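To start, the structure itself, in structure tokens.
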Amino acid sequence: MPHISRLSTMVAVCALLSLLPGIGSPGNARAQVYTIGATGFPSAIRVAIRENNASGEPDPRGRIIYVTNVNFDQYCRDVLPNEWFSNWPVASLEAGAIAVKMFAWYHHLHPVTVDNFTFDVDNTVNFQTYRAQSDQPSTDQAYYTTRNLAYVKANKEIFELNYRAGYENSPNWQYRNAQKMSQWGSQYLALQGRTPIQILEFYYTGRMLLTIPGVGRG
Amino acid sequence: MPSVYKLTIQRVGAVVCACGLLIFWASSVQACTDPLITVEAQAIHTLKSAATQPQINSNDRQSGTDKSPAQNAAPAPAGGSNSSYDPGFTGKGYGNLRVKVIDGRTLKPLEGAEVVVMETEKRYRTDANGLTPWIQAPVIRSARFRFLVNELHGQLNLISYKNGYRDSVHMGVRMNEGGVTKTTIWQYQITGEDKRVEPILYIEPYHRLWLIQLADRFRRPSQIGEGYERP
């Protein structure tokens, strides 16, 4: 008889657990999907500032000193010239501007907590290289030209556009296979006359370009 | 004179001669093996001379009255034996620069600060918005790495002065030919708590894409380090 009562207790507990949200088989756990149209354009982003290494550069493994709230447009403008060369062709910069923005937007929607600091991105290559007040006219122009555009999954889901340096004078096919944009590759393709959209299409397959409702270029 | 003294004098004479020869040899070797320093110094001198002449306006440049790169290149190093070395000192190149000076603590613009472009020794004053006028500034690509990896941008050095503030030395401003560059200098007010007042230094970092290329340039399979980038 004690066995029967234990069994009934276990069944009851399991039934209760299955009713609780978020607990169950992994297949039932679904991350929230953020889509264009249903998700507002960010006005600000939380940037964790990490301590500098001995040579005065932010250390990707350094202690987080503080988290600062930065205007989202300003953040993207202060990232782009540190990730792309500001004298590269316009098409390369515009493709880069869309990638920088989508990367930041995705992480704004998926913040992390490290050492009791909650933030969206940090100022190092853990996310994107950010230096306050480092924006340049050519990269600013590329950002604002593409500000109202989003490059998203086919179901309009906002997803990070990842990128890496890659190698000079090559389209960097291996990066296309990995679904990451090569920065040098974007420059190469721009010099070949490709448009920003063609560059994005080359590296990220199965995505589409959308206009963000209610977001202007200014 | 005793032979011992004669021998000593001869030895001292030989040592003096040897030292003289050594100094002469060292100075000639220095002159031959240090073309970078020589060329940079000559080129900077050329730039300074150019800076004292009337500014080239953009129309002149467009109409081709500016010197061609070949005409304006720094003289080749003496000897000309090191054919792989190309100083590539593009003194012909100019970019457009505008500097903003702000208070490092309040982040508000500083009016009346004096910004000096070290390479040209020209001075510019900031307006009410903390901005200098647009500056036609030279694009100087360092010869140091030229024969190893292309310098992907030139660099300029600035100093900003403002009464009541620490001097700010701002090095490595990235410049490109025909490009437009903005940069911001932070200045810090001198307070009563400052025991020792010295200039502030800020060095703009090299671009990460260039650093990757530089590291790859010397990488060998025997010590691959972080390795070549893979997506």
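Residue numbering restarts at 1 for every chain of the structure tokens, chains are lettered A, B, ... in their displayed order, and ligands are numbered from 1 as they appear.
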
| task | Give the residues of chain A that lie within 10 Å of chain B; count only C-alpha atoms, and format the answer as a ChimeraX atom specification. | result | /A:55-57,81-87,125,129,132-138,162-168,172,174-184

How would the residues just chosen look if you wrote them out with N, CA and C atoms as an mmCIF file, in the first residue's frame?
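Produced file part.cif, reproduced below:
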```cif
data_model
loop_
_atom_site.group_PDB
_atom_site.id
_atom_site.type_symbol
_atom_site.label_atom_id
_atom_site.label_comp_id
_atom_site.auth_asym_id
_atom_site.auth_seq_id
_atom_site.Cartn_x
_atom_site.Cartn_y
_atom_site.Cartn_z
ATOM 1 N N SER A 55 47.714 48.491 -22.070
ATOM 2 C CA SER A 55 48.025 49.433 -23.146
ATOM 3 C C SER A 55 46.884 50.422 -23.387
ATOM 4 N N GLY A 56 45.910 50.407 -22.513
ATOM 5 C CA GLY A 56 44.876 51.436 -22.579
ATOM 6 C C GLY A 56 43.702 51.109 -23.479
ATOM 7 N N GLU A 57 43.581 49.856 -23.886
ATOM 8 C CA GLU A 57 42.468 49.450 -24.732
ATOM 9 C C GLU A 57 41.474 48.622 -23.924
ATOM 10 N N PRO A 81 32.631 53.082 -37.727
ATOM 11 C CA PRO A 81 34.005 53.387 -38.169
ATOM 12 C C PRO A 81 35.073 52.569 -37.456
ATOM 13 N N ASN A 82 34.708 51.925 -36.350
ATOM 14 C CA ASN A 82 35.685 51.082 -35.660
ATOM 15 C C ASN A 82 35.636 49.644 -36.162
ATOM 16 N N GLU A 83 34.608 49.327 -36.897
ATOM 17 C CA GLU A 83 34.491 47.988 -37.464
ATOM 18 C C GLU A 83 34.803 47.997 -38.957
ATOM 19 N N TRP A 84 34.339 49.001 -39.663
ATOM 20 C CA TRP A 84 34.625 49.158 -41.097
ATOM 21 C C TRP A 84 35.574 50.339 -41.258
ATOM 22 N N PHE A 85 36.315 50.382 -42.350
ATOM 23 C CA PHE A 85 37.140 51.563 -42.625
ATOM 24 C C PHE A 85 36.257 52.648 -43.232
ATOM 25 N N SER A 86 36.365 53.844 -42.690
ATOM 26 C CA SER A 86 35.450 54.912 -43.120
ATOM 27 C C SER A 86 35.698 55.346 -44.560
ATOM 28 N N ASN A 87 36.855 54.973 -45.130
ATOM 29 C CA ASN A 87 37.119 55.372 -46.526
ATOM 30 C C ASN A 87 36.785 54.253 -47.516
ATOM 31 N N VAL A 125 35.228 43.592 -28.611
ATOM 32 C CA VAL A 125 34.928 42.658 -29.694
ATOM 33 C C VAL A 125 34.099 41.467 -29.219
ATOM 34 N N THR A 129 33.004 46.696 -31.513
ATOM 35 C CA THR A 129 33.932 47.692 -30.970
ATOM 36 C C THR A 129 33.246 49.054 -30.932
ATOM 37 N N ALA A 132 33.153 55.939 -27.835
ATOM 38 C CA ALA A 132 32.281 57.120 -27.787
ATOM 39 C C ALA A 132 32.847 58.244 -28.637
ATOM 40 N N GLN A 133 31.990 58.933 -29.335
ATOM 41 C CA GLN A 133 32.332 60.111 -30.142
ATOM 42 C C GLN A 133 33.374 59.811 -31.209
ATOM 43 N N SER A 134 33.315 58.620 -31.790
ATOM 44 C CA SER A 134 34.273 58.297 -32.845
ATOM 45 C C SER A 134 33.602 58.250 -34.215
ATOM 46 N N ASP A 135 32.342 58.656 -34.296
ATOM 47 C CA ASP A 135 31.632 58.573 -35.579
ATOM 48 C C ASP A 135 32.277 59.486 -36.618
ATOM 49 N N GLN A 136 32.158 59.085 -37.875
ATOM 50 C CA GLN A 136 32.763 59.825 -38.975
ATOM 51 C C GLN A 136 31.686 60.181 -39.999
ATOM 52 N N PRO A 137 31.862 61.272 -40.737
ATOM 53 C CA PRO A 137 30.814 61.691 -41.682
ATOM 54 C C PRO A 137 30.417 60.601 -42.678
ATOM 55 N N SER A 138 31.386 59.886 -43.240
ATOM 56 C CA SER A 138 31.034 58.893 -44.269
ATOM 57 C C SER A 138 30.241 57.732 -43.673
ATOM 58 N N ASN A 162 25.933 38.481 -38.066
ATOM 59 C CA ASN A 162 27.302 38.367 -37.567
ATOM 60 C C ASN A 162 28.306 38.645 -38.674
ATOM 61 N N TYR A 163 29.450 39.111 -38.294
ATOM 62 C CA TYR A 163 30.479 39.400 -39.305
ATOM 63 C C TYR A 163 31.865 39.203 -38.705
ATOM 64 N N ARG A 164 32.823 38.998 -39.577
ATOM 65 C CA ARG A 164 34.229 38.849 -39.193
ATOM 66 C C ARG A 164 35.094 39.579 -40.216
ATOM 67 N N ALA A 165 36.366 39.761 -39.890
ATOM 68 C CA ALA A 165 37.259 40.531 -40.762
ATOM 69 C C ALA A 165 37.381 39.897 -42.148
ATOM 70 N N GLY A 166 37.741 38.609 -42.212
ATOM 71 C CA GLY A 166 37.977 37.974 -43.502
ATOM 72 C C GLY A 166 39.315 38.401 -44.086
ATOM 73 N N TYR A 167 39.478 38.223 -45.370
ATOM 74 C CA TYR A 167 40.770 38.473 -46.015
ATOM 75 C C TYR A 167 40.602 39.417 -47.200
ATOM 76 N N GLU A 168 41.666 40.181 -47.437
ATOM 77 C CA GLU A 168 41.631 41.228 -48.458
ATOM 78 C C GLU A 168 41.596 40.623 -49.869
ATOM 79 N N ASN A 172 35.670 36.005 -50.127
ATOM 80 C CA ASN A 172 35.628 35.187 -48.899
ATOM 81 C C ASN A 172 34.420 34.238 -48.886
ATOM 82 N N GLN A 174 34.167 31.244 -47.933
ATOM 83 C CA GLN A 174 34.006 30.417 -46.733
ATOM 84 C C GLN A 174 33.152 31.113 -45.682
ATOM 85 N N TYR A 175 33.122 32.444 -45.714
ATOM 86 C CA TYR A 175 32.303 33.197 -44.752
ATOM 87 C C TYR A 175 30.827 33.108 -45.143
ATOM 88 N N ARG A 176 30.599 33.057 -46.444
ATOM 89 C CA ARG A 176 29.222 32.875 -46.913
ATOM 90 C C ARG A 176 28.687 31.541 -46.405
ATOM 91 N N ASN A 177 29.520 30.516 -46.468
ATOM 92 C CA ASN A 177 29.078 29.200 -45.994
ATOM 93 C C ASN A 177 28.746 29.226 -44.500
ATOM 94 N N ALA A 178 29.434 30.091 -43.778
ATOM 95 C CA ALA A 178 29.214 30.173 -42.335
ATOM 96 C C ALA A 178 28.147 31.205 -41.976
ATOM 97 N N GLN A 179 27.548 31.824 -42.993
ATOM 98 C CA GLN A 179 26.503 32.828 -42.757
ATOM 99 C C GLN A 179 27.016 34.006 -41.933
ATOM 100 N N LYS A 180 28.245 34.374 -42.212
ATOM 101 C CA LYS A 180 28.805 35.584 -41.591
ATOM 102 C C LYS A 180 29.327 36.465 -42.712
ATOM 103 N N MET A 181 29.140 37.743 -42.568
ATOM 104 C CA MET A 181 29.682 38.646 -43.578
ATOM 105 C C MET A 181 31.170 38.843 -43.322
ATOM 106 N N SER A 182 31.951 38.796 -44.404
ATOM 107 C CA SER A 182 33.362 39.160 -44.293
ATOM 108 C C SER A 182 33.471 40.658 -44.563
ATOM 109 N N GLN A 183 34.126 41.369 -43.661
ATOM 110 C CA GLN A 183 34.242 42.823 -43.844
ATOM 111 C C GLN A 183 35.097 43.152 -45.065
ATOM 112 N N TRP A 184 36.232 42.451 -45.168
ATOM 113 C CA TRP A 184 37.067 42.666 -46.351
ATOM 114 C C TRP A 184 36.318 42.230 -47.602
#
```

Give me the residues near stretch 29-39 of chain A as a compact mmCIF listing (two decimals) with C-alpha atoms, in the first residue's frame, where near means some atom within 12 Å (using only C-alpha atoms) and where sequence neighbours in that chain fewer than 5 positions away do not count.
```txt
# COMPACT_ATOMS: atom_id res chain seq x y z
CA LEU A 20 3.75 25.17 -14.87
CA PRO A 21 4.99 27.30 -17.78
CA GLY A 22 8.60 26.91 -18.84
CA ILE A 23 9.10 23.55 -17.17
CA GLY A 24 8.85 20.44 -19.23
CA MET A 102 20.78 44.36 -36.72
CA TRP A 105 19.03 45.34 -32.18
CA TYR A 106 19.11 41.56 -31.65
CA HIS A 107 21.23 41.92 -28.52
CA HIS A 108 19.07 44.76 -27.25
CA LEU A 109 16.22 42.24 -27.32
CA HIS A 110 18.37 39.57 -25.62
CA ASN A 148 14.88 52.49 -42.06
CA LEU A 149 15.94 49.10 -43.44
CA ALA A 150 16.06 45.76 -41.64
CA TYR A 151 17.55 42.57 -42.93
CA VAL A 152 15.65 39.73 -41.24
CA LYS A 153 14.69 36.08 -41.46
CA ALA A 154 11.97 35.03 -43.87
CA ASN A 155 9.41 35.09 -41.01
CA LYS A 156 10.45 38.72 -40.28
CA GLU A 157 12.31 37.62 -37.15
CA ILE A 158 15.00 40.02 -35.97
CA PHE A 159 18.24 38.09 -35.95
CA GLU A 160 21.83 39.12 -35.42
CA MET A 208 14.89 39.45 -46.64
CA LEU A 209 15.04 43.21 -46.62
CA LEU A 210 12.19 45.09 -44.98
CA THR A 211 11.34 48.69 -44.33
CA ILE A 212 10.95 49.28 -40.60
CA PRO A 213 7.50 50.82 -39.99
CA GLY A 214 7.64 54.27 -38.46
CA VAL A 215 11.41 54.63 -38.78
```

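Residues of stretch 116-156 of chain A assigned to helix (DSSP H, G or I) by DSSP on this structure's backbone: Pro137, Ser138, Thr139, Asp140, Gln141, Ala142, Tyr143, Tyr144 and Thr145 of chain A.
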
Could those selected residues go to a file with N, CA, C and O atoms, as a PDB file, in the first residue's frame?
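Dumped everything to part.pdb:
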```pdb
ATOM      1  N   PRO A 137      31.862  61.272 -40.737  1.00  0.00           N
ATOM      2  CA  PRO A 137      30.814  61.691 -41.682  1.00  0.00           C
ATOM      3  C   PRO A 137      30.417  60.601 -42.678  1.00  0.00           C
ATOM      4  O   PRO A 137      29.232  60.395 -42.933  1.00  0.00           O
ATOM      5  N   SER A 138      31.386  59.886 -43.240  1.00  0.00           N
ATOM      6  CA  SER A 138      31.034  58.893 -44.269  1.00  0.00           C
ATOM      7  C   SER A 138      30.241  57.732 -43.673  1.00  0.00           C
ATOM      8  O   SER A 138      29.279  57.246 -44.283  1.00  0.00           O
ATOM      9  N   THR A 139      30.607  57.304 -42.484  1.00  0.00           N
ATOM     10  CA  THR A 139      29.886  56.192 -41.868  1.00  0.00           C
ATOM     11  C   THR A 139      28.528  56.656 -41.324  1.00  0.00           C
ATOM     12  O   THR A 139      27.563  55.903 -41.352  1.00  0.00           O
ATOM     13  N   ASP A 140      28.472  57.898 -40.863  1.00  0.00           N
ATOM     14  CA  ASP A 140      27.176  58.445 -40.419  1.00  0.00           C
ATOM     15  C   ASP A 140      26.192  58.447 -41.592  1.00  0.00           C
ATOM     16  O   ASP A 140      25.030  58.080 -41.449  1.00  0.00           O
ATOM     17  N   GLN A 141      26.692  58.868 -42.741  1.00  0.00           N
ATOM     18  CA  GLN A 141      25.822  58.934 -43.916  1.00  0.00           C
ATOM     19  C   GLN A 141      25.328  57.532 -44.290  1.00  0.00           C
ATOM     20  O   GLN A 141      24.149  57.339 -44.603  1.00  0.00           O
ATOM     21  N   ALA A 142      26.229  56.564 -44.230  1.00  0.00           N
ATOM     22  CA  ALA A 142      25.837  55.182 -44.556  1.00  0.00           C
ATOM     23  C   ALA A 142      24.782  54.691 -43.567  1.00  0.00           C
ATOM     24  O   ALA A 142      23.827  54.010 -43.941  1.00  0.00           O
ATOM     25  N   TYR A 143      24.947  55.056 -42.303  1.00  0.00           N
ATOM     26  CA  TYR A 143      23.986  54.603 -41.298  1.00  0.00           C
ATOM     27  C   TYR A 143      22.604  55.210 -41.560  1.00  0.00           C
ATOM     28  O   TYR A 143      21.596  54.499 -41.563  1.00  0.00           O
ATOM     29  N   TYR A 144      22.571  56.522 -41.782  1.00  0.00           N
ATOM     30  CA  TYR A 144      21.262  57.161 -41.944  1.00  0.00           C
ATOM     31  C   TYR A 144      20.592  56.781 -43.262  1.00  0.00           C
ATOM     32  O   TYR A 144      19.370  56.730 -43.345  1.00  0.00           O
ATOM     33  N   THR A 145      21.384  56.499 -44.284  1.00  0.00           N
ATOM     34  CA  THR A 145      20.791  56.064 -45.553  1.00  0.00           C
ATOM     35  C   THR A 145      20.037  54.746 -45.377  1.00  0.00           C
ATOM     36  O   THR A 145      19.017  54.503 -46.031  1.00  0.00           O
TER      37      THR A 145
END
```

| said: I need the residues in stretch 8-211 of chain A that are strand (DSSP E or B) according to DSSP; give them as an MDAnalysis selection string. | reply: chainID A and resid 35:36 39 44:50 52 58 64:71 112:114 117:119 121:122 149:153 157 163:164 181:182 207:211

Keeping only C-alpha atoms, write the selected residues as a compact mmCIF listing (two decimals), in the first residue's frame.
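Output file selection.txt is given in full below:
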```txt
# COMPACT_ATOMS: atom_id res chain seq x y z
CA THR A 35 9.53 40.38 -35.53
CA ILE A 36 9.61 43.55 -37.55
CA THR A 39 8.80 45.17 -32.17
CA ALA A 44 18.68 53.41 -26.41
CA ILE A 45 21.02 50.52 -25.74
CA ARG A 46 22.81 49.51 -22.53
CA VAL A 47 26.56 49.33 -23.10
CA ALA A 48 28.83 47.71 -20.52
CA ILE A 49 32.18 49.47 -20.32
CA ARG A 50 35.00 47.08 -19.53
CA ASN A 52 41.25 48.78 -20.08
CA PRO A 58 39.21 47.93 -23.47
CA ILE A 64 32.87 45.59 -16.11
CA ILE A 65 33.23 49.06 -14.64
CA TYR A 66 29.77 50.43 -15.35
CA VAL A 67 26.84 50.21 -17.74
CA THR A 68 25.87 53.28 -19.70
CA ASN A 69 22.68 54.05 -21.60
CA VAL A 70 23.58 55.19 -25.12
CA ASN A 71 21.24 56.53 -27.77
CA VAL A 112 22.63 39.38 -20.52
CA THR A 113 23.64 39.65 -16.88
CA VAL A 114 27.30 39.31 -15.96
CA PHE A 117 25.45 44.00 -14.41
CA THR A 118 22.61 43.67 -16.90
CA PHE A 119 23.44 45.00 -20.34
CA VAL A 121 26.33 44.78 -25.42
CA ASP A 122 29.79 45.67 -24.16
CA LEU A 149 15.94 49.10 -43.44
CA ALA A 150 16.06 45.76 -41.64
CA TYR A 151 17.55 42.57 -42.93
CA VAL A 152 15.65 39.73 -41.24
CA LYS A 153 14.69 36.08 -41.46
CA GLU A 157 12.31 37.62 -37.15
CA TYR A 163 30.48 39.40 -39.30
CA ARG A 164 34.23 38.85 -39.19
CA MET A 181 29.68 38.65 -43.58
CA SER A 182 33.36 39.16 -44.29
CA ARG A 207 16.84 36.53 -45.34
CA MET A 208 14.89 39.45 -46.64
CA LEU A 209 15.04 43.21 -46.62
CA LEU A 210 12.19 45.09 -44.98
CA THR A 211 11.34 48.69 -44.33
```

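Comparing A:Gly96, A:Gly40, A:Pro89, A:Gly62 by their smallest distance to A:Asp115, the closest is A:Gly62 (using only C-alpha atoms).
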
| said: Between atom CA of A:Gln74 and atom CA of A:Glu94, what is the distance in Å, rounded to a tenth? | reply: 15.8 Å
